[in-house]
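**Student:** Sending over start_4.txt (compact mmCIF, C-alpha atoms).
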```txt
# COMPACT_ATOMS: atom_id res chain seq x y z
CA MET T 230 -4.86 29.36 -5.91
CA ASP T 231 -1.65 27.36 -6.45
CA ILE T 232 -2.41 24.12 -4.59
CA LEU T 233 -5.72 22.35 -3.97
CA LEU T 234 -5.74 19.77 -1.16
CA LEU T 235 -8.44 17.11 -1.10
CA GLU T 236 -6.37 15.17 1.43
CA ARG T 237 -4.82 16.97 4.37
CA LEU T 238 -1.10 17.06 5.04
CA VAL T 239 0.27 17.07 8.58
CA PRO T 240 0.06 20.60 10.04
CA GLU T 241 3.80 21.26 9.86
CA ALA T 242 4.03 20.40 6.16
CA LEU T 243 0.85 22.31 5.41
CA ALA T 244 2.19 25.43 7.15
CA TRP T 245 5.46 25.10 5.23
CA LEU T 246 3.57 24.99 1.92
CA GLU T 247 1.25 27.85 2.91
CA SER T 248 4.25 30.07 3.60
CA ARG T 249 5.35 29.62 -0.01
CA HIS T 250 2.16 29.13 -2.02
CA SER T 251 -1.55 29.81 -2.04
CA VAL T 252 -3.15 26.64 -0.62
CA GLU T 253 -6.81 25.69 -0.33
CA CYS T 254 -8.00 22.66 1.69
CA ARG T 255 -11.26 21.23 0.32
CA PRO T 256 -11.56 17.54 1.35
CA GLU T 257 -15.33 17.64 0.74
CA LEU T 258 -14.66 17.89 -3.01
CA ALA T 259 -13.66 14.22 -3.08
CA THR T 260 -17.35 13.32 -3.13
CA ASP T 261 -18.55 16.18 -5.35
CA PRO T 262 -17.20 15.75 -8.92
CA ILE T 263 -18.95 18.84 -10.30
CA ALA T 264 -17.59 21.14 -7.61
CA LEU T 265 -14.16 19.53 -8.00
CA ARG T 266 -14.11 20.38 -11.71
CA ARG T 267 -14.80 24.03 -10.91
CA ALA T 268 -12.18 24.14 -8.15
CA VAL T 269 -9.41 22.41 -10.08
CA TYR T 270 -9.69 24.83 -13.01
CA ASN T 271 -7.32 27.33 -11.39
CA ALA T 272 -5.09 24.85 -9.54
CA GLN T 273 -1.47 24.23 -10.44
CA ALA T 274 -1.14 21.21 -8.13
CA VAL T 275 -3.60 18.88 -6.41
CA VAL T 276 -3.27 16.35 -3.59
CA LEU T 277 -5.87 13.64 -4.07
CA PRO T 278 -7.19 10.68 -2.04
CA ARG T 279 -7.36 7.19 -3.50
CA LYS T 280 -10.98 7.38 -4.62
CA VAL T 281 -10.50 10.38 -6.91
CA VAL T 282 -9.53 9.10 -10.34
CA VAL T 283 -7.41 11.21 -12.69
CA THR T 284 -8.56 10.72 -16.27
CA GLN T 285 -8.14 12.65 -19.50
CA GLU T 286 -11.50 14.28 -18.76
CA PHE T 287 -10.27 15.35 -15.31
CA LEU T 288 -7.20 16.95 -16.87
CA ASP T 289 -9.36 18.77 -19.42
CA PHE T 290 -10.91 20.70 -16.53
CA ALA T 291 -7.46 21.60 -15.14
CA PRO T 292 -5.62 23.59 -17.83
CA LEU T 293 -3.04 25.01 -15.38
CA LEU T 294 -2.24 21.74 -13.64
CA LYS T 295 1.44 20.86 -13.25
CA ALA T 296 1.37 18.16 -10.56
CA VAL T 297 -0.94 15.45 -9.24
CA ALA T 298 0.17 14.18 -5.83
CA ARG T 299 -0.99 11.37 -3.55
CA LEU T 300 0.04 10.32 -0.07
CA HIS T 301 -0.32 6.65 -1.04
CA VAL T 302 0.78 4.19 -3.71
CA SER T 303 -1.40 3.32 -6.70
CA THR T 304 -1.31 3.67 -10.46
CA ASP T 305 -4.71 2.32 -11.47
CA ASN T 306 -6.45 5.52 -10.31
CA THR T 307 -4.28 7.77 -12.49
CA ASP T 308 -4.07 7.86 -16.28
CA LEU T 309 -0.31 8.04 -16.57
CA GLU T 310 -0.37 8.33 -20.36
CA ALA T 311 -2.69 11.33 -20.19
CA CYS T 312 -0.49 12.96 -17.55
CA ARG T 313 2.57 12.35 -19.71
CA ASP T 314 0.90 13.95 -22.71
CA ARG T 315 -0.10 16.99 -20.65
CA LYS T 316 3.30 17.22 -18.94
CA VAL T 317 1.68 16.82 -15.54
CA ARG T 318 4.02 15.44 -12.89
CA VAL T 319 2.61 12.51 -10.88
CA ILE T 320 3.97 12.41 -7.33
CA GLN T 321 3.48 9.45 -5.03
CA ALA T 322 5.01 8.84 -1.61
CA THR T 323 5.74 5.25 -2.52
CA THR T 324 7.89 4.08 0.37
CA ALA T 325 6.52 6.32 3.12
CA ASN T 326 4.29 3.47 4.31
CA VAL T 327 6.78 0.61 4.06
CA ARG T 328 7.64 0.52 7.75
CA SER T 329 4.05 0.94 8.91
CA ASN T 330 2.84 -1.82 6.57
CA ALA T 331 5.60 -4.17 7.75
CA GLU T 332 4.61 -3.56 11.38
CA TYR T 333 0.97 -4.21 10.49
CA LEU T 334 1.88 -7.57 8.94
CA LEU T 335 4.00 -8.50 11.95
CA ALA T 336 1.21 -7.53 14.35
CA ALA T 337 -1.30 -9.52 12.30
CA LEU T 338 0.94 -12.59 12.37
CA LEU T 339 1.34 -12.35 16.13
CA MET T 340 -2.41 -11.91 16.61
CA LEU T 341 -3.30 -14.90 14.44
CA PHE T 342 -0.68 -17.08 16.13
CA ARG T 343 -2.31 -16.11 19.47
CA ARG T 344 -5.95 -15.98 18.38
CA GLY T 345 -7.17 -16.12 21.97
CA MET T 346 -6.10 -12.47 22.34
CA SER T 347 -8.94 -11.29 20.11
CA ALA T 348 -11.61 -12.48 22.54
CA SER T 349 -10.05 -10.43 25.34
CA LEU T 350 -9.74 -7.40 23.09
CA ASN T 351 -13.44 -7.73 22.36
CA GLY T 352 -14.19 -7.49 26.07
CA ASP T 353 -14.44 -11.17 27.06
CA ARG T 354 -12.32 -11.34 30.22
CA HIS T 355 -13.14 -14.99 30.80
CA ALA T 356 -12.51 -16.39 27.34
CA ASP T 357 -11.35 -19.98 27.00
CA ILE T 358 -7.60 -20.42 26.85
CA ARG T 359 -6.46 -21.28 23.33
CA ILE T 360 -3.09 -22.81 22.62
CA GLY T 361 -1.08 -20.44 20.47
CA ARG T 362 2.16 -20.61 18.54
CA GLU T 363 5.44 -18.72 18.55
CA LEU T 364 7.02 -17.07 15.55
CA ASN T 365 10.42 -18.26 16.74
CA GLY T 366 11.15 -21.45 14.82
CA SER T 367 8.09 -21.10 12.56
CA VAL T 368 8.32 -21.09 8.78
CA VAL T 369 6.91 -17.89 7.27
CA GLY T 370 6.25 -17.76 3.55
CA ILE T 371 7.02 -14.37 2.01
CA PHE T 372 4.65 -14.16 -0.96
CA GLY T 373 5.93 -11.27 -3.03
CA LEU T 374 9.07 -9.16 -2.67
CA GLY T 375 7.41 -5.77 -2.62
CA PRO T 376 9.25 -3.09 -0.62
CA THR T 377 7.39 -3.99 2.57
CA ALA T 378 8.83 -7.51 2.41
CA HIS T 379 12.35 -6.12 2.82
CA THR T 380 11.53 -4.51 6.17
CA LEU T 381 9.33 -7.38 7.31
CA ALA T 382 12.13 -9.88 6.66
CA VAL T 383 14.44 -8.05 9.07
CA MET T 384 11.76 -8.10 11.77
CA LEU T 385 10.98 -11.78 11.32
CA HIS T 386 14.65 -12.82 11.32
CA ALA T 387 15.07 -10.98 14.62
CA LEU T 388 12.24 -13.08 16.07
CA GLY T 389 13.81 -16.33 14.94
CA ALA T 390 11.50 -17.21 12.08
CA LYS T 391 12.69 -19.16 9.04
CA LEU T 392 11.81 -17.39 5.80
CA ILE T 393 11.01 -18.93 2.45
CA GLY T 394 9.65 -16.95 -0.45
CA TYR T 395 8.12 -16.76 -3.89
CA ASP T 396 7.53 -13.91 -6.30
CA PRO T 397 6.32 -14.53 -9.87
CA ALA T 398 8.30 -11.51 -11.06
CA VAL T 399 11.64 -12.34 -9.36
CA HIS T 400 13.83 -15.21 -10.60
CA TYR T 401 15.02 -17.64 -7.95
CA THR T 402 18.66 -16.82 -8.82
CA ALA T 403 18.23 -13.07 -8.19
CA PRO T 404 20.71 -11.70 -5.58
CA LEU T 405 17.82 -10.08 -3.71
CA TRP T 406 16.84 -13.39 -2.13
CA SER T 407 20.20 -13.86 -0.46
CA ARG T 408 20.38 -10.20 0.61
CA LEU T 409 17.05 -10.61 2.40
CA ARG T 410 18.04 -14.07 3.72
CA ILE T 411 14.93 -15.62 2.21
CA GLN T 412 15.14 -19.06 0.63
CA PRO T 413 13.42 -18.94 -2.79
CA VAL T 414 11.06 -21.85 -3.43
CA SER T 415 8.34 -22.75 -5.88
CA LEU T 416 4.80 -21.65 -5.11
CA PRO T 417 3.63 -25.20 -4.25
CA GLU T 418 6.61 -25.55 -1.90
CA LEU T 419 5.82 -22.24 -0.22
CA MET T 420 2.22 -23.36 0.36
CA ALA T 421 3.21 -26.80 1.63
CA GLN T 422 5.99 -25.71 4.01
CA SER T 423 4.75 -22.43 5.52
CA ASP T 424 3.14 -22.15 8.93
CA ALA T 425 2.13 -18.62 7.95
CA VAL T 426 2.01 -16.74 4.65
CA SER T 427 2.48 -12.97 4.28
CA VAL T 428 1.22 -11.50 0.99
CA GLN T 429 2.73 -8.22 -0.19
CA MET T 430 2.98 -8.96 -3.89
CA MET T 431 3.01 -5.96 -6.22
CA TYR T 432 -0.31 -6.19 -8.04
CA ALA T 433 -0.82 -6.16 -11.79
CA SER T 434 -3.93 -7.12 -13.74
CA ARG T 435 -2.35 -10.39 -14.84
CA TYR T 436 -2.30 -11.49 -11.18
CA ARG T 437 -6.06 -11.19 -10.72
CA GLY T 438 -7.26 -14.42 -9.10
CA PHE T 439 -3.66 -15.65 -8.82
CA VAL T 440 -4.37 -17.34 -5.47
CA ASN T 441 -6.90 -19.88 -6.64
CA ASP T 442 -7.98 -23.49 -6.04
CA LYS T 443 -4.86 -24.85 -7.72
CA VAL T 444 -2.54 -22.82 -5.48
CA LEU T 445 -4.46 -23.36 -2.26
CA ALA T 446 -4.60 -27.12 -2.82
CA TYR T 447 -1.00 -27.26 -1.55
CA CYS T 448 -1.69 -25.45 1.75
CA LYS T 449 -0.16 -26.84 4.89
CA PRO T 450 -3.13 -27.50 7.20
CA ALA T 451 -4.02 -24.70 9.65
CA GLN T 452 -1.89 -22.02 8.01
CA VAL T 453 -2.51 -18.38 8.84
CA TRP T 454 -2.45 -15.69 6.17
CA VAL T 455 -1.85 -11.95 6.39
CA GLY T 456 -1.69 -9.51 3.53
CA ILE T 457 -1.59 -5.95 2.28
CA SER T 458 -1.81 -6.74 -1.45
CA ARG T 459 -4.97 -5.89 -3.33
CA SER T 460 -7.69 -8.42 -2.65
CA HIS T 461 -8.04 -8.96 -6.42
CA VAL T 462 -5.08 -11.33 -6.11
CA PHE T 463 -7.40 -13.82 -4.36
CA GLU T 464 -10.10 -15.90 -6.01
CA PRO T 465 -12.87 -15.41 -3.41
CA ALA T 466 -14.55 -18.82 -3.72
CA ALA T 467 -11.22 -20.63 -3.44
CA LEU T 468 -10.19 -18.59 -0.39
CA ALA T 469 -13.57 -19.20 1.25
CA GLN T 470 -13.24 -22.95 0.77
CA ALA T 471 -9.72 -22.99 2.24
CA LEU T 472 -10.91 -20.97 5.26
CA THR T 473 -13.82 -23.37 5.72
CA ASP T 474 -12.10 -26.74 5.42
CA GLY T 475 -9.14 -25.95 7.70
CA ARG T 476 -6.36 -25.46 5.19
CA ILE T 477 -6.26 -21.82 6.35
CA ALA T 478 -7.03 -21.40 10.04
CA ALA T 479 -7.45 -17.63 9.81
CA ALA T 480 -6.59 -14.70 7.56
CA MET T 481 -6.20 -10.97 8.15
CA LEU T 482 -6.15 -8.80 5.03
CA ASP T 483 -5.77 -5.03 4.87
CA GLY T 484 -7.62 -2.79 2.44
CA ALA T 485 -9.83 -5.27 0.59
CA GLU T 486 -11.70 -3.81 -2.38
CA ALA T 487 -15.39 -3.03 -2.06
CA GLY T 488 -17.54 -6.12 -2.44
CA PHE T 489 -14.78 -8.61 -1.65
CA ALA T 490 -16.66 -10.06 1.34
CA SER T 491 -20.00 -8.28 1.04
CA ARG T 492 -23.37 -9.90 1.68
CA GLY T 493 -24.05 -12.71 -0.76
CA THR T 494 -20.37 -13.52 -1.41
CA PRO T 495 -18.70 -16.78 -0.26
CA LEU T 496 -16.55 -14.85 2.24
CA HIS T 497 -19.28 -12.85 3.95
CA GLU T 498 -20.17 -15.15 6.85
CA LEU T 499 -16.68 -16.43 7.66
CA THR T 500 -15.61 -15.49 11.18
CA ASN T 501 -11.99 -16.48 10.62
CA LEU T 502 -11.52 -13.86 7.89
CA HIS T 503 -10.57 -10.47 9.34
CA LEU T 504 -10.59 -7.41 7.08
CA THR T 505 -9.15 -4.06 8.10
CA PRO T 506 -9.62 -0.71 6.25
CA ARG T 507 -6.05 0.04 5.14
CA LEU T 508 -4.79 0.33 8.68
CA GLY T 509 -1.29 -0.69 7.63
CA SER T 510 -0.46 2.64 6.06
CA HIS T 511 -2.18 4.80 8.67
CA THR T 512 0.34 5.75 11.32
CA ARG T 513 1.44 9.20 12.44
CA GLU T 514 4.97 8.50 11.29
CA ALA T 515 3.93 7.31 7.82
CA ARG T 516 1.69 10.31 7.40
CA LEU T 517 4.55 12.60 8.40
CA ARG T 518 6.93 11.04 5.86
CA ALA T 519 4.34 11.13 3.07
CA SER T 520 3.24 14.70 3.81
CA TRP T 521 6.74 16.13 3.78
CA TYR T 522 7.69 14.26 0.63
CA VAL T 523 4.63 15.49 -1.22
CA ALA T 524 5.06 19.06 0.08
CA HIS T 525 8.67 19.24 -1.09
CA ARG T 526 7.96 17.73 -4.49
CA ILE T 527 5.03 20.07 -5.14
CA HIS T 528 7.13 23.07 -4.14
CA ASP T 529 9.96 21.93 -6.44
CA THR T 530 7.49 21.56 -9.30
CA LEU T 531 5.91 24.98 -8.90
CA ALA T 532 9.06 26.92 -7.98
CA ASN T 533 11.35 25.48 -10.62
CA PRO T 534 10.07 25.27 -14.22
CA ARG T 535 12.39 22.36 -14.91
CA ALA T 536 10.92 20.48 -11.94
CA THR T 537 7.59 20.25 -13.76
CA GLY T 538 10.01 18.00 -15.30
CA PHE T 539 8.30 15.79 -17.78
CA ASP T 540 11.53 15.74 -19.78
CA GLN T 541 13.31 14.40 -16.68
CA LEU T 542 10.84 11.53 -16.51
CA ALA T 543 10.49 10.76 -20.19
CA SER T 544 12.80 7.75 -20.17
CA ALA T 545 10.72 5.92 -17.57
CA PRO T 546 7.98 3.54 -18.73
CA MET T 547 5.60 5.01 -16.14
CA GLU T 548 6.23 8.61 -15.24
CA PHE T 549 5.73 9.14 -11.52
CA ASP T 550 8.00 10.22 -8.71
CA THR T 551 8.55 7.89 -5.78
CA VAL T 552 9.83 8.64 -2.35
CA GLY T 553 13.35 7.48 -1.72
CA ALA T 554 13.79 9.75 1.22
CA SER T 555 13.30 9.93 4.92
CA VAL T 556 12.36 12.82 7.14
CA GLY T 557 14.87 14.37 9.47
CA VAL T 558 14.74 17.12 12.07
CA SER T 559 17.31 19.86 12.64
CA ASN T 560 16.73 22.75 15.04
CA GLY T 561 13.02 22.04 14.91
CA ALA T 562 12.87 22.19 11.09
CA GLN T 563 11.85 19.30 8.89
CA PHE T 564 13.92 18.47 5.87
CA ILE T 565 14.27 15.67 3.36
CA ILE T 566 17.33 13.40 3.46
CA ARG T 567 18.10 11.79 0.12
```
Transcribe the structure of this file into structure tokens.

**Tutor:**
Amino acid sequence: MDILLLERLVPEALAWLESRHSVECRPELATDPIALRRAVYNAQAVVLPRKVVVTQEFLDFAPLLKAVARLHVSTDNTDLEACRDRKVRVIQATTANVRSNAEYLLAALLMLFRRGMSASLNGDRHADIRIGRELNGSVVGIFGLGPTAHTLAVMLHALGAKLIGYDPAVHYTAPLWSRLRIQPVSLPELMAQSDAVSVQMMYASRYRGFVNDKVLAYCKPAQVWVGISRSHVFEPAALAQALTDGRIAAAMLDGAEAGFASRGTPLHELTNLHLTPRLGSHTREARLRASWYVAHRIHDTLANPRATGFDQLASAPMEFDTVGASVGVSNGAQFIIR
């Protein structure tokens, strides 16, 4: 077996790989660590879901492994140092979900600005009419300049929103702000001036609890919040208080970590907090882009000894491939455009 899939690719990409390599699809192994260790022993490449963590111990059970691939973005579930030492290529379809996440954030903003729609979607055809708001003319705070923010900014400008922004890792003089037509402001200013806040900040451990009582004290009353960043960026008690006292009218967050709003936590009973299970990245188009990127990179790694390519990655502080490509179609065939 060349390739072990614990997460399925789209059928076209899977067929393309199967015509070139021996491929085995075993998604059930994601919940069976012992069976996974046996299966990975003979694999040269694996495609893993988020919940499967790659550690030094995992690699010890995979002596032939040349590539670890994922259809999503994350580094905290992969020991990059161990992969570097073992010359295992780490492949992630980093930007495959940018468009789908941006559309999710836009949809969430529109829903929260027209909260009366949710009652109808839940089957209440005679719900009370609630006065909504329009994005046109509203001030939207862009909290974090992750890749999704670049696409979201274009969408919001087209709808007539005014954009202000803050990112703790991007200086206010950086040219990126002007390219995205976002006015950089301080964090207190972003909180005080925004009618809505979109959070897509790239997460690092130093940002755990970054959105806390001190930050939320500056909130413009009745703000709405949407986000795709890891929920660790929020201090749960502070967010719960802001959702309770009216500083935040409603929030919709995608992909919160387990326990974030579970029973017994301050957020559990709040009806104006809406959590979705990573819906932002789950579209047919995003899956297509990610599948083809991963398929091509795995094939390159296995077919070309140099593409196992640790020496090509050695100058990077974190050795993993990212997608900088889009998928095209020519005469019915899929190919990668770089």

**Student:** Name the closest residue to T:Ser329 among the candidates T:Ser510, T:Thr377, T:Thr530, T:Thr307; distances are taken between atoms, counting all atoms listed in the file.

**Tutor:**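 Once distances to T:Ser329 are computed over all atoms listed in the file, the minimum belongs to T:Ser510.
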
**Student:** Need the shell around T:Ala268: protein/DNA/RNA residues with any atom at most 12 Å away, counting all atoms listed in the file. Skip same-chain ones fewer than 4 positions apart. Format as a PyMOL selection string?

**Tutor:** chain T and resi 230-235+253-259+261-264+272-275+287+290-294

**Student:** What is the atom CA of T:Leu265-atom CA of T:Gly509 distance in Å, reported with one decimal?

**Tutor:**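 Between atom CA of T:Leu265 and atom CA of T:Gly509 the gap works out to 28.6 Å.
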
**Student:** Measure the distance from atom CA of T:Glu236 to atom CA of T:His250 in Å and round it to one decimal.

**Tutor:** 16.7 Å

**Student:** Stretch 396-428 of chain T near stretch 448-451 of chain T within 9 Å: what's each residue's closest atom pair and its distance in Å to one decimal, counting only C-alpha atoms, ordered by chain then ascending residue number, as CSV?

**Tutor:**
```
residue,atom,partner,partner_atom,distance
T:Pro417,CA,T:Cys448,CA,8.0
T:Leu419,CA,T:Cys448,CA,8.4
T:Met420,CA,T:Cys448,CA,4.6
T:Ala421,CA,T:Lys449,CA,4.7
T:Gln422,CA,T:Lys449,CA,6.3
T:Ser423,CA,T:Lys449,CA,6.6
T:Asp424,CA,T:Lys449,CA,7.0
T:Ala425,CA,T:Ala451,CA,8.8
```

**Student:** Work out how far atom CA of T:Val440 is from atom CA of T:Arg507, in Å to one decimal.

**Tutor:** 20.4 Å

**Student:** Supply stretch 432-464 of chain T as an mmCIF file, in the frame of the given file, with N, CA and C atoms built in where the input has gaps.

**Tutor:**
```
data_model
loop_
_atom_site.group_PDB
_atom_site.id
_atom_site.type_symbol
_atom_site.label_atom_id
_atom_site.label_comp_id
_atom_site.auth_asym_id
_atom_site.auth_seq_id
_atom_site.Cartn_x
_atom_site.Cartn_y
_atom_site.Cartn_z
ATOM 1 N N TYR T 432 0.819 -5.730 -7.240
ATOM 2 C CA TYR T 432 -0.310 -6.190 -8.040
ATOM 3 C C TYR T 432 -0.236 -5.662 -9.470
ATOM 4 N N ALA T 433 -0.597 -6.532 -10.401
ATOM 5 C CA ALA T 433 -0.820 -6.160 -11.790
ATOM 6 C C ALA T 433 -2.042 -6.954 -12.261
ATOM 7 N N SER T 434 -2.683 -6.488 -13.304
ATOM 8 C CA SER T 434 -3.930 -7.120 -13.740
ATOM 9 C C SER T 434 -3.759 -8.595 -14.068
ATOM 10 N N ARG T 435 -2.563 -8.976 -14.514
ATOM 11 C CA ARG T 435 -2.350 -10.390 -14.840
ATOM 12 C C ARG T 435 -2.357 -11.288 -13.604
ATOM 13 N N TYR T 436 -2.277 -10.696 -12.417
ATOM 14 C CA TYR T 436 -2.300 -11.490 -11.180
ATOM 15 C C TYR T 436 -3.688 -11.566 -10.559
ATOM 16 N N ARG T 437 -4.693 -11.095 -11.249
ATOM 17 C CA ARG T 437 -6.060 -11.190 -10.720
ATOM 18 C C ARG T 437 -6.435 -12.661 -10.554
ATOM 19 N N GLY T 438 -6.894 -13.032 -9.369
ATOM 20 C CA GLY T 438 -7.260 -14.420 -9.100
ATOM 21 C C GLY T 438 -6.074 -15.368 -9.041
ATOM 22 N N PHE T 439 -4.885 -14.834 -8.817
ATOM 23 C CA PHE T 439 -3.660 -15.650 -8.820
ATOM 24 C C PHE T 439 -3.707 -16.727 -7.734
ATOM 25 N N VAL T 440 -4.232 -16.367 -6.562
ATOM 26 C CA VAL T 440 -4.370 -17.340 -5.470
ATOM 27 C C VAL T 440 -5.722 -18.011 -5.643
ATOM 28 N N ASN T 441 -5.686 -19.187 -6.263
ATOM 29 C CA ASN T 441 -6.900 -19.880 -6.640
ATOM 30 C C ASN T 441 -6.920 -21.298 -6.084
ATOM 31 N N ASP T 442 -7.867 -22.104 -6.533
ATOM 32 C CA ASP T 442 -7.980 -23.490 -6.040
ATOM 33 C C ASP T 442 -6.695 -24.273 -6.246
ATOM 34 N N LYS T 443 -6.082 -24.086 -7.406
ATOM 35 C CA LYS T 443 -4.860 -24.850 -7.720
ATOM 36 C C LYS T 443 -3.745 -24.514 -6.743
ATOM 37 N N VAL T 444 -3.580 -23.240 -6.419
ATOM 38 C CA VAL T 444 -2.540 -22.820 -5.480
ATOM 39 C C VAL T 444 -2.855 -23.285 -4.073
ATOM 40 N N LEU T 445 -4.086 -23.063 -3.630
ATOM 41 C CA LEU T 445 -4.460 -23.360 -2.260
ATOM 42 C C LEU T 445 -4.574 -24.858 -1.984
ATOM 43 N N ALA T 446 -4.573 -25.666 -3.024
ATOM 44 C CA ALA T 446 -4.600 -27.120 -2.820
ATOM 45 C C ALA T 446 -3.359 -27.615 -2.099
ATOM 46 N N TYR T 447 -2.270 -26.849 -2.162
ATOM 47 C CA TYR T 447 -1.000 -27.260 -1.550
ATOM 48 C C TYR T 447 -0.843 -26.769 -0.111
ATOM 49 N N CYS T 448 -1.829 -26.052 0.427
ATOM 50 C CA CYS T 448 -1.690 -25.450 1.750
ATOM 51 C C CYS T 448 -1.347 -26.468 2.830
ATOM 52 N N LYS T 449 -0.391 -26.093 3.659
ATOM 53 C CA LYS T 449 -0.160 -26.840 4.890
ATOM 54 C C LYS T 449 -1.356 -26.622 5.800
ATOM 55 N N PRO T 450 -1.925 -27.666 6.382
ATOM 56 C CA PRO T 450 -3.130 -27.500 7.200
ATOM 57 C C PRO T 450 -2.927 -26.481 8.329
ATOM 58 N N ALA T 451 -3.965 -25.680 8.558
ATOM 59 C CA ALA T 451 -4.020 -24.700 9.650
ATOM 60 C C ALA T 451 -3.025 -23.561 9.487
ATOM 61 N N GLN T 452 -2.700 -23.219 8.261
ATOM 62 C CA GLN T 452 -1.890 -22.020 8.010
ATOM 63 C C GLN T 452 -2.643 -20.776 8.449
ATOM 64 N N VAL T 453 -1.896 -19.695 8.698
ATOM 65 C CA VAL T 453 -2.510 -18.380 8.840
ATOM 66 C C VAL T 453 -1.967 -17.490 7.730
ATOM 67 N N TRP T 454 -2.812 -16.594 7.257
ATOM 68 C CA TRP T 454 -2.450 -15.690 6.170
ATOM 69 C C TRP T 454 -2.651 -14.248 6.598
ATOM 70 N N VAL T 455 -1.708 -13.393 6.219
ATOM 71 C CA VAL T 455 -1.850 -11.950 6.390
ATOM 72 C C VAL T 455 -1.487 -11.307 5.065
ATOM 73 N N GLY T 456 -2.008 -10.121 4.807
ATOM 74 C CA GLY T 456 -1.690 -9.510 3.530
ATOM 75 C C GLY T 456 -2.052 -8.050 3.436
ATOM 76 N N ILE T 457 -1.295 -7.341 2.593
ATOM 77 C CA ILE T 457 -1.590 -5.950 2.280
ATOM 78 C C ILE T 457 -1.759 -5.765 0.770
ATOM 79 N N SER T 458 -1.608 -6.844 -0.010
ATOM 80 C CA SER T 458 -1.810 -6.740 -1.450
ATOM 81 C C SER T 458 -3.290 -6.523 -1.753
ATOM 82 N N ARG T 459 -3.585 -6.071 -2.935
ATOM 83 C CA ARG T 459 -4.970 -5.890 -3.330
ATOM 84 C C ARG T 459 -5.709 -7.228 -3.274
ATOM 85 N N SER T 460 -6.937 -7.189 -2.814
ATOM 86 C CA SER T 460 -7.690 -8.420 -2.650
ATOM 87 C C SER T 460 -8.008 -9.085 -3.990
ATOM 88 N N HIS T 461 -7.831 -8.364 -5.104
ATOM 89 C CA HIS T 461 -8.040 -8.960 -6.420
ATOM 90 C C HIS T 461 -7.100 -10.145 -6.664
ATOM 91 N N VAL T 462 -6.013 -10.227 -5.910
ATOM 92 C CA VAL T 462 -5.080 -11.330 -6.110
ATOM 93 C C VAL T 462 -5.693 -12.664 -5.664
ATOM 94 N N PHE T 463 -6.750 -12.606 -4.846
ATOM 95 C CA PHE T 463 -7.400 -13.820 -4.360
ATOM 96 C C PHE T 463 -8.634 -14.137 -5.200
ATOM 97 N N GLU T 464 -8.845 -15.431 -5.436
ATOM 98 C CA GLU T 464 -10.100 -15.900 -6.010
ATOM 99 C C GLU T 464 -11.029 -16.172 -4.824
#
```
